[in-house]
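J.: Have a look at the structure that comes next, please.
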Amino acid sequence: MTRPSTPRPPRRLYIDWLRGFAVLCMVLWHVTDSWAVTTGRDTTAFAVVVFFAGWAAPMFLFLAGLSLPFSAAAQMARGRTRDEAARALVRRGWMVFLLAHLFRFQSFLLNPAASWNSLLKPDILNVLGLGLVMAAIAWWRATSARARVWWLLVPAVVVAVVLTPWAGDWWWPSLLHPRIEGYVRVAGGNAVFSLFPAVAYVLAGTFAGSLLTEIPMEREGPFLVRAALVGGAMVGLSMTPAVVPVPAELHRWLGPAALVVLRVGVMIVALAVVRGLLRRRSVNGTAGPMIVLGRASLIVYWVHVELAYGNVSYPLHHALSLPGALAGVLAMTVLMYGLARWWVSRPAGRPLVPAHMAATGYP
């Protein structure tokens with residue numbers, strides 16, 4: 001006897017689009033960081049590059065969390081129970097964590113100067129995978145509106161407001177291996193990203209996604225407009241430490257929390273804005289470049305990092321002026337768009353990557 005199934009929800013193009021924007025920010029930073037000369041990085045132009053580059057990781061984390069409830073909804077629409085969907089999401093989180101180490105191993109094999117120690121260095125895929133595991137477990141328990149707040153929103157606030165500012169002062173992480181300590185805090189090059197505040201973005205995105213999955217499509221636009229007002233209030237709140245005189249010690253504590261609140265607020269506003277811009281696009285219509293890049297974000301990440309930092313581009317490392325590096329960014333973007341266009345147009349019957357790695361989590 002087969003379980004009853006319901007039509008799965010349509011793909012949210014605005015999530016793909018925003019992920020595509022995150023891809024552009026990611027390529028901008030990796031190519032510029034690797035190919036631009038190390039001198040003259042205190043210019044206004046380089047500061048603009050750093051500003052946009054700083055949005056890549058938070059957006060990937062937030063959108064991954066946002067996609068998680070949609071993936072669960074798609075699975076339950078095919079007849080799976082909530083428990084089965086949650087277990088599948090937990091396994092997928094661990095798969096991303098495994099892919100992080102596979103990516104590091106590939107880089108080790110392709111770089112003769114690499115060290116074994118680099119295999120365990122926490123990076124974006126490491127914290128994303130663990131964040132998805134935590135968010136999936138929290139979503140599993142969030143079976144009501146009240147439980148959703150306690151399991152998703154409250155932990156996101158605690159990570160952003162309490163744990164992230166204090167992580168740098170804890171003594172016990174120094175007892176761990178530096179690569180393990182890197183999951184708690186970035187210190188002395190032991191990691192690229194840590195769980196604090198990365199988990200806050202994933203949990204906040206999962207909370208937002210769990211709300212969206214309960215909203216009928218015809219009410220999604222007005223809901224996102226109201227959410228954008230909340231996001232705008234968050235942006236205003238995040239500015240408080242900068243405009244209200246506070247003691248230096250308190251500002252040191254509020255600064256990291258304010259940055260998380262600012263970024264989440266901006267991303268919530270961006271959801272409403274981009275959805276409004278794309279509201280007339282057919283779900284089955286031709287996907288634009290941003291949407292294509294968003295749907296192929298994993299393969300773009302996997303390939304372009306090696307091209308930017310690997311031996312294949314060694315003569316360019318720290319050899320170009322900023323304009324030259326930006327020209328390299330343009331060339332890399334065009335190349336990655338071609339890769340992404342091929343990736344998303346492959347026959348559906350021969351997938352080369354697990355279906356859950358799609359931008360919104362829909363198979």
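If you're wondering about the labels, chains in the structure tokens are A, B, ... by order shown, residues count from 1 in each chain, ligands from 1 in order shown.
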I want to know what sits within 8 Å of region 265-271 of chain A, based on only C-alpha atoms, with residues of the same chain fewer than 3 positions away left out; could you give that as a VMD selection string?

T.: chain A and resid 14 to 15 18 59 224 227 to 235 261 to 262 274 to 275

J.: Take the selection from the previous step and output its residues with C-alpha atoms, as a PDB file, in the first residue's frame.

T.:
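Output contents, as saved in out_5.pdb:
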ATOM      1  CA  TYR A  14      14.087  34.174  -5.805  1.00  0.00           C
ATOM      2  CA  ILE A  15      16.064  31.728  -3.645  1.00  0.00           C
ATOM      3  CA  LEU A  18      19.940  35.203  -4.339  1.00  0.00           C
ATOM      4  CA  MET A  59      24.018  34.245   2.223  1.00  0.00           C
ATOM      5  CA  LEU A 224       7.395  38.639   2.554  1.00  0.00           C
ATOM      6  CA  ALA A 227       8.815  40.130   6.776  1.00  0.00           C
ATOM      7  CA  ALA A 228      10.814  42.856   4.992  1.00  0.00           C
ATOM      8  CA  LEU A 229       9.505  45.370   7.516  1.00  0.00           C
ATOM      9  CA  VAL A 230      10.823  43.147  10.290  1.00  0.00           C
ATOM     10  CA  GLY A 231      14.119  42.847   8.419  1.00  0.00           C
ATOM     11  CA  GLY A 232      14.318  46.622   8.113  1.00  0.00           C
ATOM     12  CA  ALA A 233      13.735  46.942  11.859  1.00  0.00           C
ATOM     13  CA  MET A 234      16.554  44.440  12.424  1.00  0.00           C
ATOM     14  CA  VAL A 235      18.870  46.551  10.282  1.00  0.00           C
ATOM     15  CA  VAL A 261      21.419  40.877  13.033  1.00  0.00           C
ATOM     16  CA  LEU A 262      22.336  43.333  10.253  1.00  0.00           C
ATOM     17  CA  VAL A 274      13.983  39.833  -5.417  1.00  0.00           C
ATOM     18  CA  ARG A 275      10.670  37.991  -5.302  1.00  0.00           C
TER      19      ARG A 275
END

J.: List the spatial neighbours of Leu330 (chain A) as a ChimeraX atom specification - criterion: any atom at most 10 Å away, only C-alpha atoms, same-chain residues fewer than 4 positions off excluded.

T.: /A:24,27-28,31,324-326,334-336

J.: I need the residues from that last selection saved to file as a PDB file, in the first residue's frame (with N, CA and C atoms), if you can.

T.:
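selection_34.pdb was written with the following content:
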ATOM      1  N   LEU A  24      28.374  35.153  -7.204  1.00  0.00           N
ATOM      2  CA  LEU A  24      29.147  36.263  -7.755  1.00  0.00           C
ATOM      3  C   LEU A  24      30.057  36.872  -6.696  1.00  0.00           C
ATOM      4  N   VAL A  27      33.002  34.411  -6.093  1.00  0.00           N
ATOM      5  CA  VAL A  27      34.008  34.448  -7.155  1.00  0.00           C
ATOM      6  C   VAL A  27      34.804  35.749  -7.077  1.00  0.00           C
ATOM      7  N   LEU A  28      34.129  36.854  -6.816  1.00  0.00           N
ATOM      8  CA  LEU A  28      34.797  38.149  -6.693  1.00  0.00           C
ATOM      9  C   LEU A  28      35.906  38.090  -5.657  1.00  0.00           C
ATOM     10  N   VAL A  31      38.962  35.175  -6.461  1.00  0.00           N
ATOM     11  CA  VAL A  31      39.871  35.552  -7.546  1.00  0.00           C
ATOM     12  C   VAL A  31      40.681  36.779  -7.149  1.00  0.00           C
ATOM     13  N   GLY A 324      43.387  44.437 -13.035  1.00  0.00           N
ATOM     14  CA  GLY A 324      43.673  43.178 -13.697  1.00  0.00           C
ATOM     15  C   GLY A 324      42.986  42.010 -13.017  1.00  0.00           C
ATOM     16  N   ALA A 325      42.977  42.013 -11.687  1.00  0.00           N
ATOM     17  CA  ALA A 325      42.299  40.950 -10.954  1.00  0.00           C
ATOM     18  C   ALA A 325      40.793  40.988 -11.207  1.00  0.00           C
ATOM     19  N   LEU A 326      40.229  42.187 -11.312  1.00  0.00           N
ATOM     20  CA  LEU A 326      38.803  42.301 -11.594  1.00  0.00           C
ATOM     21  C   LEU A 326      38.481  41.803 -12.997  1.00  0.00           C
ATOM     22  N   VAL A 334      32.393  34.331 -16.365  1.00  0.00           N
ATOM     23  CA  VAL A 334      31.902  33.833 -17.658  1.00  0.00           C
ATOM     24  C   VAL A 334      32.145  32.334 -17.777  1.00  0.00           C
ATOM     25  N   LEU A 335      33.344  31.902 -17.377  1.00  0.00           N
ATOM     26  CA  LEU A 335      33.675  30.480 -17.438  1.00  0.00           C
ATOM     27  C   LEU A 335      32.758  29.666 -16.526  1.00  0.00           C
ATOM     28  N   MET A 336      32.515  30.162 -15.316  1.00  0.00           N
ATOM     29  CA  MET A 336      31.664  29.434 -14.364  1.00  0.00           C
ATOM     30  C   MET A 336      30.200  29.443 -14.807  1.00  0.00           C
TER      31      MET A 336
END

J.: Which value, in Å to one decimal, gives the distance between CA of Leu66 (chain A) and CA of His304 (chain A)?

T.: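 Here the two named atoms are 24.6 Å from each other.
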
J.: Rounded to one decimal in Å, what is the spacing between CA of Val192 (chain A) and CA of Leu119 (chain A)?

T.: 12.5 Å

J.: Write down as a PyMOL selection string the residues of region 42-283 of chain A whose backbone DSSP state falls under helix (DSSP H, G or I).

T.: chain A and resi 44-53+56-77+82-110+116-120+124-141+145-167+172-175+178-181+195-212+217-238+240-243+248-278

J.: Nearest residue to Trp253 (chain A) out of A:Leu320, A:Ala160, A:Ala77, A:Val292, using only C-alpha atoms?

T.: A:Ala160

J.: Considering only C-alpha atoms, state which residue in the set A:Pro222, A:Pro289, A:Pro241, A:Gly129 is at the smallest distance from Thr333 (chain A).

T.: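 Among the listed residues, the smallest separation from Thr333 (chain A) belongs to A:Pro289.
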